[in-house]
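As stored in structure.pdb (PDB, C-alpha atoms, pLDDT in the B column):
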ATOM      1  CA  MET A 259      -9.712 -15.841 -10.692  1.00 70.00           C
ATOM      2  CA  GLY A 260     -11.807 -12.953  -9.456  1.00 83.00           C
ATOM      3  CA  GLN A 261     -13.882 -10.543 -11.463  1.00 90.00           C
ATOM      4  CA  PRO A 262     -12.308  -8.191 -14.009  1.00 95.00           C
ATOM      5  CA  MET A 263     -11.096  -4.767 -12.894  1.00 96.00           C
ATOM      6  CA  LYS A 264     -11.800  -1.509 -14.621  1.00 97.00           C
ATOM      7  CA  ILE A 265      -8.587   0.395 -15.257  1.00 97.00           C
ATOM      8  CA  ARG A 266      -8.244   3.822 -16.807  1.00 97.00           C
ATOM      9  CA  ALA A 267      -4.873   5.352 -17.470  1.00 97.00           C
ATOM     10  CA  ALA A 268      -4.459   8.781 -19.012  1.00 97.00           C
ATOM     11  CA  SER A 269      -1.249  10.626 -19.715  1.00 96.00           C
ATOM     12  CA  LYS A 270      -1.143  14.390 -19.377  1.00 94.00           C
ATOM     13  CA  ASP A 271       1.834  16.760 -19.028  1.00 93.00           C
ATOM     14  CA  GLY A 272       4.252  13.893 -18.405  1.00 93.00           C
ATOM     15  CA  VAL A 273       2.184  12.298 -15.656  1.00 97.00           C
ATOM     16  CA  THR A 274       0.063   9.197 -16.049  1.00 97.00           C
ATOM     17  CA  GLU A 275      -2.984   9.136 -13.846  1.00 97.00           C
ATOM     18  CA  VAL A 276      -4.332   5.665 -13.163  1.00 98.00           C
ATOM     19  CA  LYS A 277      -7.778   4.908 -11.767  1.00 98.00           C
ATOM     20  CA  VAL A 278      -8.729   1.389 -10.833  1.00 98.00           C
ATOM     21  CA  LEU A 279     -12.025  -0.102  -9.768  1.00 98.00           C
ATOM     22  CA  MET A 280     -11.683  -3.644  -8.501  1.00 97.00           C
ATOM     23  CA  ASN A 281     -14.421  -6.134  -8.016  1.00 96.00           C
ATOM     24  CA  HIS A 282     -14.134  -7.766  -4.610  1.00 96.00           C
ATOM     25  CA  VAL A 283     -16.329  -8.401  -1.551  1.00 96.00           C
ATOM     26  CA  MET A 284     -13.663  -7.181   0.931  1.00 96.00           C
ATOM     27  CA  GLU A 285     -15.240  -9.082   3.838  1.00 95.00           C
ATOM     28  CA  THR A 286     -13.850  -7.959   7.195  1.00 94.00           C
ATOM     29  CA  GLY A 287     -14.618 -11.151   9.083  1.00 92.00           C
ATOM     30  CA  LEU A 288     -16.657  -9.062  11.550  1.00 90.00           C
ATOM     31  CA  ARG A 289     -19.921  -8.861   9.623  1.00 89.00           C
ATOM     32  CA  LYS A 290     -22.800 -11.207  10.415  1.00 90.00           C
ATOM     33  CA  ASP A 291     -25.105 -12.693   7.831  1.00 90.00           C
ATOM     34  CA  PRO A 292     -28.894 -12.459   8.327  1.00 92.00           C
ATOM     35  CA  ALA A 293     -28.814 -15.758  10.254  1.00 93.00           C
ATOM     36  CA  GLY A 294     -26.351 -14.256  12.735  1.00 92.00           C
ATOM     37  CA  ALA A 295     -23.321 -16.253  11.649  1.00 93.00           C
ATOM     38  CA  LEU A 296     -20.021 -14.448  11.111  1.00 93.00           C
ATOM     39  CA  VAL A 297     -19.067 -14.091   7.471  1.00 94.00           C
ATOM     40  CA  PRO A 298     -15.430 -15.202   7.158  1.00 95.00           C
ATOM     41  CA  ALA A 299     -12.844 -12.575   6.237  1.00 95.00           C
ATOM     42  CA  LEU A 300     -11.932 -12.384   2.571  1.00 96.00           C
ATOM     43  CA  PHE A 301     -10.114  -9.314   1.355  1.00 96.00           C
ATOM     44  CA  ILE A 302      -7.468  -8.188  -1.090  1.00 97.00           C
ATOM     45  CA  ASN A 303      -4.228  -7.789   0.833  1.00 95.00           C
ATOM     46  CA  GLU A 304      -1.631  -7.177  -1.852  1.00 97.00           C
ATOM     47  CA  VAL A 305      -1.767  -4.943  -4.897  1.00 97.00           C
ATOM     48  CA  THR A 306       0.973  -4.337  -7.449  1.00 97.00           C
ATOM     49  CA  ALA A 307       0.975  -1.688 -10.155  1.00 97.00           C
ATOM     50  CA  LYS A 308       3.295  -1.835 -13.147  1.00 97.00           C
ATOM     51  CA  LEU A 309       4.080   0.490 -16.010  1.00 97.00           C
ATOM     52  CA  ASN A 310       5.428  -1.469 -18.985  1.00 96.00           C
ATOM     53  CA  ASP A 311       6.297  -4.454 -16.754  1.00 94.00           C
ATOM     54  CA  LYS A 312       8.198  -2.301 -14.271  1.00 96.00           C
ATOM     55  CA  VAL A 313       6.807  -2.205 -10.736  1.00 97.00           C
ATOM     56  CA  VAL A 314       5.912   1.365  -9.756  1.00 97.00           C
ATOM     57  CA  MET A 315       3.884   0.730  -6.618  1.00 97.00           C
ATOM     58  CA  GLN A 316       3.075  -2.038  -4.207  1.00 96.00           C
ATOM     59  CA  ALA A 317       0.293  -1.801  -1.684  1.00 97.00           C
ATOM     60  CA  GLN A 318      -0.699  -3.842   1.316  1.00 97.00           C
ATOM     61  CA  TRP A 319      -4.294  -3.655   2.422  1.00 97.00           C
ATOM     62  CA  GLY A 320      -6.299  -4.621   5.466  1.00 96.00           C
ATOM     63  CA  GLN A 321      -9.972  -5.490   5.852  1.00 94.00           C
ATOM     64  CA  ALA A 322     -11.047  -1.859   6.052  1.00 96.00           C
ATOM     65  CA  VAL A 323     -10.555  -1.000   2.398  1.00 97.00           C
ATOM     66  CA  ALA A 324     -14.070  -0.530   1.040  1.00 97.00           C
ATOM     67  CA  LYS A 325     -15.916  -3.190  -0.950  1.00 96.00           C
ATOM     68  CA  ASN A 326     -15.147  -3.091  -4.676  1.00 97.00           C
ATOM     69  CA  PRO A 327     -11.978  -1.111  -3.978  1.00 97.00           C
ATOM     70  CA  TYR A 328     -11.203   2.124  -5.759  1.00 98.00           C
ATOM     71  CA  LEU A 329      -7.624   3.210  -6.177  1.00 98.00           C
ATOM     72  CA  ALA A 330      -6.121   6.219  -7.933  1.00 98.00           C
ATOM     73  CA  PHE A 331      -2.478   7.180  -8.248  1.00 98.00           C
ATOM     74  CA  LYS A 332      -0.082   9.055 -10.502  1.00 97.00           C
ATOM     75  CA  ILE A 333       3.006   7.764 -12.266  1.00 97.00           C
ATOM     76  CA  LYS A 334       5.813  10.071 -13.413  1.00 96.00           C
ATOM     77  CA  GLY A 335       6.265   9.625 -17.127  1.00 92.00           C
ATOM     78  CA  GLY A 336       4.333   7.230 -19.272  1.00 93.00           C
ATOM     79  CA  LYS A 337       2.836   8.078 -22.626  1.00 94.00           C
ATOM     80  CA  ALA A 338      -0.043   7.063 -24.834  1.00 95.00           C
ATOM     81  CA  GLY A 339       0.319   3.420 -25.823  1.00 96.00           C
ATOM     82  CA  ASP A 340       2.204   2.368 -22.677  1.00 97.00           C
ATOM     83  CA  LYS A 341       0.804  -0.531 -20.681  1.00 97.00           C
ATOM     84  CA  VAL A 342      -0.362  -0.274 -17.101  1.00 97.00           C
ATOM     85  CA  SER A 343      -1.060  -3.501 -15.283  1.00 97.00           C
ATOM     86  CA  ILE A 344      -2.629  -4.022 -11.882  1.00 97.00           C
ATOM     87  CA  SER A 345      -2.483  -7.268  -9.928  1.00 97.00           C
ATOM     88  CA  TRP A 346      -4.090  -8.200  -6.645  1.00 97.00           C
ATOM     89  CA  THR A 347      -3.938 -11.169  -4.321  1.00 96.00           C
ATOM     90  CA  ASP A 348      -6.581 -11.750  -1.669  1.00 95.00           C
ATOM     91  CA  SER A 349      -6.457 -13.428   1.722  1.00 94.00           C
ATOM     92  CA  SER A 350      -7.573 -16.752   0.224  1.00 94.00           C
ATOM     93  CA  GLY A 351      -4.653 -16.683  -2.227  1.00 93.00           C
ATOM     94  CA  ASP A 352      -6.872 -15.868  -5.185  1.00 95.00           C
ATOM     95  CA  SER A 353      -5.375 -13.366  -7.592  1.00 95.00           C
ATOM     96  CA  ARG A 354      -6.113 -11.398 -10.699  1.00 96.00           C
ATOM     97  CA  THR A 355      -4.204  -9.232 -13.160  1.00 97.00           C
ATOM     98  CA  ASP A 356      -5.675  -6.778 -15.623  1.00 97.00           C
ATOM     99  CA  GLU A 357      -4.023  -4.456 -18.084  1.00 96.00           C
ATOM    100  CA  ALA A 358      -4.895  -1.171 -19.719  1.00 97.00           C
ATOM    101  CA  THR A 359      -3.303   0.979 -22.384  1.00 97.00           C
ATOM    102  CA  VAL A 360      -2.440   4.551 -21.483  1.00 96.00           C
ATOM    103  CA  GLY A 361      -4.618   6.932 -23.482  1.00 91.00           C
TER     104      GLY A 361
ATOM    105  CA  MET B 128      56.023 -23.293  -0.810  1.00 48.00           C
ATOM    106  CA  ASN B 129      55.664 -19.555  -0.654  1.00 55.00           C
ATOM    107  CA  VAL B 130      54.374 -19.389  -4.180  1.00 54.00           C
ATOM    108  CA  HIS B 131      51.748 -21.952  -3.367  1.00 59.00           C
ATOM    109  CA  LEU B 132      50.612 -20.063  -0.267  1.00 55.00           C
ATOM    110  CA  GLU B 133      50.430 -16.833  -2.178  1.00 58.00           C
ATOM    111  CA  ALA B 134      48.266 -18.485  -4.813  1.00 58.00           C
ATOM    112  CA  SER B 135      45.848 -19.902  -2.279  1.00 62.00           C
ATOM    113  CA  ARG B 136      45.675 -16.579  -0.466  1.00 59.00           C
ATOM    114  CA  ARG B 137      44.735 -14.928  -3.731  1.00 59.00           C
ATOM    115  CA  SER B 138      42.088 -17.460  -4.556  1.00 61.00           C
ATOM    116  CA  PHE B 139      40.780 -17.105  -1.003  1.00 56.00           C
ATOM    117  CA  LEU B 140      40.515 -13.340  -1.438  1.00 53.00           C
ATOM    118  CA  ARG B 141      38.926 -13.752  -4.813  1.00 59.00           C
ATOM    119  CA  THR B 142      36.324 -16.158  -3.482  1.00 56.00           C
ATOM    120  CA  THR B 143      35.445 -14.110  -0.415  1.00 54.00           C
ATOM    121  CA  GLY B 144      35.408 -10.986  -2.543  1.00 56.00           C
ATOM    122  CA  LEU B 145      32.875 -12.560  -4.869  1.00 53.00           C
ATOM    123  CA  LEU B 146      30.817 -13.790  -1.962  1.00 53.00           C
ATOM    124  CA  GLY B 147      30.876 -10.329  -0.469  1.00 54.00           C
ATOM    125  CA  LEU B 148      29.696  -8.859  -3.741  1.00 51.00           C
ATOM    126  CA  ALA B 149      26.896 -11.387  -3.971  1.00 51.00           C
ATOM    127  CA  ALA B 150      25.854 -10.655  -0.403  1.00 51.00           C
ATOM    128  CA  SER B 151      25.786  -6.918  -0.913  1.00 50.00           C
ATOM    129  CA  ALA B 152      23.815  -7.376  -4.124  1.00 48.00           C
ATOM    130  CA  LEU B 153      21.237  -9.289  -2.111  1.00 47.00           C
ATOM    131  CA  THR B 154      20.917  -6.627   0.547  1.00 47.00           C
ATOM    132  CA  LEU B 155      20.729  -3.901  -2.089  1.00 43.00           C
ATOM    133  CA  ALA B 156      17.987  -5.702  -4.030  1.00 42.00           C
ATOM    134  CA  PRO B 157      14.932  -3.455  -3.983  1.00 43.00           C
ATOM    135  CA  ARG B 158      12.939  -4.022  -0.843  1.00 44.00           C
ATOM    136  CA  LEU B 159       9.799  -3.552  -2.898  1.00 45.00           C
ATOM    137  CA  ALA B 160      10.385  -6.799  -4.732  1.00 46.00           C
ATOM    138  CA  LEU B 161      10.303  -8.670  -1.455  1.00 48.00           C
ATOM    139  CA  ALA B 162       7.196  -7.085   0.041  1.00 61.00           C
ATOM    140  CA  VAL B 163       4.893  -9.591   1.669  1.00 80.00           C
ATOM    141  CA  TRP B 164       1.710  -8.805   3.520  1.00 90.00           C
ATOM    142  CA  ASN B 165       2.655  -7.489   6.952  1.00 92.00           C
ATOM    143  CA  LYS B 166       0.133  -9.593   8.886  1.00 91.00           C
ATOM    144  CA  ALA B 167       1.395  -8.464  12.291  1.00 91.00           C
ATOM    145  CA  ALA B 168       0.905  -4.791  11.470  1.00 93.00           C
ATOM    146  CA  PHE B 169      -2.552  -5.283   9.948  1.00 94.00           C
ATOM    147  CA  GLU B 170      -3.802  -7.232  12.955  1.00 92.00           C
ATOM    148  CA  THR B 171      -2.835  -4.699  15.599  1.00 91.00           C
ATOM    149  CA  LYS B 172      -5.716  -3.336  17.649  1.00 91.00           C
ATOM    150  CA  THR B 173      -4.216  -0.122  18.967  1.00 91.00           C
ATOM    151  CA  LEU B 174      -2.451   2.783  17.310  1.00 91.00           C
ATOM    152  CA  ALA B 175       0.620   2.278  19.493  1.00 91.00           C
ATOM    153  CA  ASP B 176       0.889  -1.378  18.420  1.00 93.00           C
ATOM    154  CA  ALA B 177       0.328  -0.490  14.767  1.00 93.00           C
ATOM    155  CA  TYR B 178       3.143   2.075  14.912  1.00 94.00           C
ATOM    156  CA  LYS B 179       5.369  -0.452  16.645  1.00 93.00           C
ATOM    157  CA  ALA B 180       4.690  -3.123  14.012  1.00 93.00           C
ATOM    158  CA  LEU B 181       5.499  -0.610  11.284  1.00 92.00           C
ATOM    159  CA  GLY B 182       8.693   0.494  12.993  1.00 91.00           C
ATOM    160  CA  VAL B 183       7.365   4.006  13.534  1.00 92.00           C
ATOM    161  CA  ALA B 184       8.707   5.977  16.465  1.00 85.00           C
ATOM    162  CA  SER B 185       6.854   9.156  17.457  1.00 83.00           C
ATOM    163  CA  PRO B 186       5.890  10.476  13.994  1.00 93.00           C
ATOM    164  CA  ALA B 187       5.780  14.249  13.641  1.00 94.00           C
ATOM    165  CA  ALA B 188       2.636  16.004  12.454  1.00 96.00           C
ATOM    166  CA  SER B 189       3.428  17.751   9.193  1.00 96.00           C
ATOM    167  CA  ALA B 190       1.695  20.563   7.349  1.00 96.00           C
ATOM    168  CA  ASP B 191       3.255  19.262   4.136  1.00 97.00           C
ATOM    169  CA  ILE B 192       0.809  16.381   4.001  1.00 97.00           C
ATOM    170  CA  GLN B 193      -2.659  16.947   2.653  1.00 97.00           C
ATOM    171  CA  LEU B 194      -5.281  14.487   3.833  1.00 97.00           C
ATOM    172  CA  ILE B 195      -8.317  15.091   1.713  1.00 97.00           C
ATOM    173  CA  ALA B 196     -11.650  13.685   2.848  1.00 96.00           C
ATOM    174  CA  SER B 197     -15.071  15.085   3.596  1.00 95.00           C
ATOM    175  CA  ASP B 198     -15.817  16.078   7.204  1.00 95.00           C
ATOM    176  CA  ILE B 199     -18.893  13.897   7.313  1.00 94.00           C
ATOM    177  CA  ALA B 200     -19.254  10.460   5.778  1.00 93.00           C
ATOM    178  CA  GLU B 201     -22.882   9.542   5.381  1.00 89.00           C
ATOM    179  CA  ASN B 202     -21.975   5.948   4.737  1.00 92.00           C
ATOM    180  CA  GLY B 203     -19.078   4.503   6.717  1.00 92.00           C
ATOM    181  CA  ALA B 204     -18.839   1.603   4.272  1.00 93.00           C
ATOM    182  CA  VAL B 205     -17.419   3.857   1.570  1.00 95.00           C
ATOM    183  CA  VAL B 206     -15.313   6.785   2.741  1.00 96.00           C
ATOM    184  CA  PRO B 207     -13.118   8.368   0.058  1.00 97.00           C
ATOM    185  CA  VAL B 208      -9.696   9.445   1.320  1.00 98.00           C
ATOM    186  CA  GLU B 209      -6.760  10.964  -0.492  1.00 98.00           C
ATOM    187  CA  ALA B 210      -3.266  11.748   0.716  1.00 98.00           C
ATOM    188  CA  ILE B 211      -0.851  14.071  -1.035  1.00 98.00           C
ATOM    189  CA  SER B 212       2.649  14.452   0.348  1.00 97.00           C
ATOM    190  CA  LYS B 213       4.851  17.437  -0.380  1.00 97.00           C
ATOM    191  CA  ILE B 214       7.702  15.985   1.660  1.00 96.00           C
ATOM    192  CA  PRO B 215      10.692  15.172  -0.573  1.00 95.00           C
ATOM    193  CA  ASN B 216      11.573  11.502  -1.060  1.00 95.00           C
ATOM    194  CA  THR B 217       8.218  10.191   0.105  1.00 96.00           C
ATOM    195  CA  THR B 218       8.407   6.422  -0.234  1.00 96.00           C
ATOM    196  CA  GLN B 219       5.358   5.242   1.631  1.00 97.00           C
ATOM    197  CA  ILE B 220       1.799   6.412   2.278  1.00 97.00           C
ATOM    198  CA  SER B 221      -0.416   4.617   4.794  1.00 97.00           C
ATOM    199  CA  PHE B 222      -3.941   5.182   6.036  1.00 97.00           C
ATOM    200  CA  LEU B 223      -4.917   4.368   9.607  1.00 97.00           C
ATOM    201  CA  VAL B 224      -8.334   4.655  11.236  1.00 96.00           C
ATOM    202  CA  GLU B 225      -8.042   5.113  14.989  1.00 95.00           C
ATOM    203  CA  LYS B 226     -11.374   3.643  16.023  1.00 94.00           C
ATOM    204  CA  ASN B 227     -11.633   0.762  13.593  1.00 94.00           C
ATOM    205  CA  PRO B 228     -11.229  -2.762  15.022  1.00 93.00           C
ATOM    206  CA  THR B 229      -7.870  -2.847  13.233  1.00 93.00           C
ATOM    207  CA  MET B 230      -6.084   0.483  12.798  1.00 93.00           C
ATOM    208  CA  LEU B 231      -3.980  -0.038   9.712  1.00 96.00           C
ATOM    209  CA  THR B 232      -6.093   0.079   6.581  1.00 97.00           C
ATOM    210  CA  ALA B 233      -3.764   0.423   3.638  1.00 97.00           C
ATOM    211  CA  GLN B 234      -0.093   0.925   3.017  1.00 97.00           C
ATOM    212  CA  PHE B 235       1.306   2.025  -0.333  1.00 97.00           C
ATOM    213  CA  ASP B 236       4.983   1.588  -1.124  1.00 97.00           C
ATOM    214  CA  LEU B 237       6.003   3.998  -3.846  1.00 97.00           C
ATOM    215  CA  THR B 238       8.955   3.708  -6.172  1.00 96.00           C
ATOM    216  CA  PRO B 239      10.661   6.913  -7.378  1.00 96.00           C
ATOM    217  CA  ASP B 240       8.503   6.530 -10.513  1.00 96.00           C
ATOM    218  CA  MET B 241       5.446   7.587  -8.552  1.00 97.00           C
ATOM    219  CA  LEU B 242       4.076  10.958  -7.522  1.00 97.00           C
ATOM    220  CA  PRO B 243       3.396  10.897  -3.768  1.00 97.00           C
ATOM    221  CA  GLU B 244      -0.386  10.946  -4.155  1.00 97.00           C
ATOM    222  CA  VAL B 245      -2.818   8.125  -3.519  1.00 98.00           C
ATOM    223  CA  SER B 246      -6.557   7.998  -3.178  1.00 97.00           C
ATOM    224  CA  THR B 247      -8.805   5.135  -2.210  1.00 98.00           C
ATOM    225  CA  ARG B 248     -11.996   4.349  -0.316  1.00 97.00           C
ATOM    226  CA  ILE B 249     -12.047   2.925   3.177  1.00 97.00           C
ATOM    227  CA  LYS B 250     -14.564   1.548   5.687  1.00 95.00           C
ATOM    228  CA  MET B 251     -15.136   3.224   9.052  1.00 95.00           C
ATOM    229  CA  GLY B 252     -17.093   1.667  11.913  1.00 91.00           C
ATOM    230  CA  GLN B 253     -17.723   4.993  13.645  1.00 93.00           C
ATOM    231  CA  THR B 254     -16.628   8.620  13.809  1.00 95.00           C
ATOM    232  CA  SER B 255     -12.865   8.598  14.142  1.00 96.00           C
ATOM    233  CA  ASN B 256      -9.583  10.261  13.421  1.00 97.00           C
ATOM    234  CA  VAL B 257      -8.094   9.132  10.141  1.00 97.00           C
ATOM    235  CA  ILE B 258      -4.316   9.350   9.875  1.00 97.00           C
ATOM    236  CA  ALA B 259      -2.208   9.630   6.770  1.00 97.00           C
ATOM    237  CA  LEU B 260       1.212   8.287   7.699  1.00 97.00           C
ATOM    238  CA  ILE B 261       4.041   9.252   5.362  1.00 97.00           C
ATOM    239  CA  LYS B 262       7.514   7.791   5.258  1.00 96.00           C
ATOM    240  CA  ALA B 263      10.180   9.997   3.709  1.00 95.00           C
ATOM    241  CA  ASP B 264      13.944   9.500   3.994  1.00 93.00           C
ATOM    242  CA  GLY B 265      13.298   6.865   6.644  1.00 91.00           C
ATOM    243  CA  LYS B 266      11.360   9.262   8.868  1.00 94.00           C
ATOM    244  CA  PHE B 267       7.632   9.268   9.567  1.00 96.00           C
ATOM    245  CA  TYR B 268       5.173  12.158   9.388  1.00 97.00           C
ATOM    246  CA  THR B 269       1.429  12.317   9.893  1.00 97.00           C
ATOM    247  CA  ALA B 270      -1.640  14.304   9.021  1.00 97.00           C
ATOM    248  CA  THR B 271      -4.823  13.680  10.959  1.00 97.00           C
ATOM    249  CA  LYS B 272      -8.428  14.477  10.194  1.00 97.00           C
ATOM    250  CA  GLU B 273     -11.592  13.580  12.042  1.00 97.00           C
ATOM    251  CA  ILE B 274     -14.312  12.133   9.856  1.00 96.00           C
ATOM    252  CA  LYS B 275     -17.805  11.951  11.306  1.00 95.00           C
ATOM    253  CA  VAL B 276     -19.662   8.815  10.341  1.00 94.00           C
ATOM    254  CA  THR B 277     -23.442   8.841  10.455  1.00 88.00           C
ATOM    255  CA  LEU B 278     -23.855   5.205   9.412  1.00 74.00           C
ATOM    256  CA  GLY B 279     -21.179   2.640  10.356  1.00 65.00           C
ATOM    257  CA  GLY B 280     -19.576   0.486   7.725  1.00 62.00           C
ATOM    258  CA  CYS B 281     -18.280  -2.484   9.643  1.00 59.00           C
ATOM    259  CA  GLY B 282     -21.256  -4.757   9.978  1.00 52.00           C
ATOM    260  CA  GLY B 283     -23.127  -2.338  12.270  1.00 44.00           C
TER     261      GLY B 283
END

With the file now loaded, output its structure as structure tokens.
Amino acid sequence: MGQPMKIRAASKDGVTEVKVLMNHVMETGLRKDPAGALVPALFINEVTAKLNDKVVMQAQWGQAVAKNPYLAFKIKGGKAGDKVSISWTDSSGDSRTDEATVG
Amino acid sequence: MNVHLEASRRSFLRTTGLLGLAASALTLAPRLALAVWNKAAFETKTLADAYKALGVASPAASADIQLIASDIAENGAVVPVEAISKIPNTTQISFLVEKNPTMLTAQFDLTPDMLPEVSTRIKMGQTSNVIALIKADGKFYTATKEIKVTLGGCGG
């Protein structure tokens, strides 16, 4: 299920700027816990962004995206009231989708 | 006899024609819809292997790409990076960190609905060159910037 994301989408001069803050450990698989054991890798590896149910961007990520990933991008078009949705899938197969209204 | 042959030839053409249409529709289906995590590319340990896995051949450095990041990252665990491409028909923006255990960090596939600008935050194990790799019209271009890391972010 994952933790909820924070999504902000604002339309200005015909461009919708989207900022996303995800909630994820993004473990690389290289870090050791205090007992010296390797913490297994667990990271978001696929992200999809949609504007009104139409895919505008798809991303693939590796382990080196920072913990609690931040992502910002700009969509051509979009207006107040449109829906932006962000989905991610992590390396364990867990996934989450959140939606925001363009303001 | 001839009439019969003619009829079967027509139906043959019709069938193969339809099949051909179906096949071309499949190949024309947006590649984006079929994207799956490129495990091979994300597990490469050297820049040369990462480029190979991504199908990149000798990318050209381009002044039309802006790679925005601070010169010094105090904390390698959270390094903000932004890439802006001014190259027409930019369809992909990737970030690679040369001295990380795995080079390829993030790859963004953009539809024509997107402006070619992406920002995110990455982890860096040590001071390294960071590369913004842009794909436009099937060709690859890069912008490189060295970011000094004072505190590593990969379990150091």

Notebook entry, point to check: What would the list of residues within 7 Å of (-2.1, 6.6, -13.1) (file frame) look like as JSON, numbers by chain, if only C-alpha atoms are what count?
Noted result: {"A": [267, 268, 274, 275, 276, 277, 330, 331, 332, 333]}

Notebook entry, point to check: Applied to the shown file, which residues does the PyMOL selection byres ((chain A) within 8 of (chain B)) return, written as an NGL selection string?
Noted result: :A and (286 or 288-290 or 303-304 or 313-325 or 327-335)

Next item on the list: Excluding Met263 of chain A and any residue of its chain fewer than 5 positions from it, enumerate the residues within 8 Å of it, using all atoms listed in the file, and give them as a list in words.
Entry: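 After dropping sequence-adjacent residues, the list is Val278, Leu279, Met280, Asn281 and Asp356 of chain A.
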
Next item on the list: In the coordinate frame of the file, compute which residues have an atom within 7 Å of (-3.8, 13.5, 0.9) when using only C-alpha atoms, and state them as a ChimeraX atom specification.
Entry: /B:192-195,209-212,244

Next item on the list: Given the file shown, determine the residues that the PyMOL selection byres ((chain A and resi 338-355) around 8) selects; report them as a list of chain:residue names.
Entry: A:Met259, A:Gly260, A:Gln261, A:Pro262, A:Ala267, A:Ala268, A:Ser269, A:Ala299, A:Leu300, A:Phe301, A:Ile302, A:Asn303, A:Glu304, A:Val305, A:Thr306, A:Ala307, A:Lys308, A:Leu309, A:Asn310, A:Asp311, A:Gly336, A:Lys337, A:Asp356, A:Glu357, A:Ala358, A:Thr359, A:Val360, A:Gly361

Next item on the list: To one decimal in Å, tell me the separation between atom CA of Leu260 of chain B and atom CA of Met284 of chain A.
Entry: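 According to the coordinates, atom CA of Leu260 of chain B and atom CA of Met284 of chain A are separated by 22.5 Å.
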
Notebook entry, point to check: What gap, in Å, lies between atom CA of Val257 of chain B and atom CA of Ala196 of chain B?
Noted result: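 For atom CA of Val257 of chain B relative to atom CA of Ala196 of chain B, the distance reads 9.3 Å.
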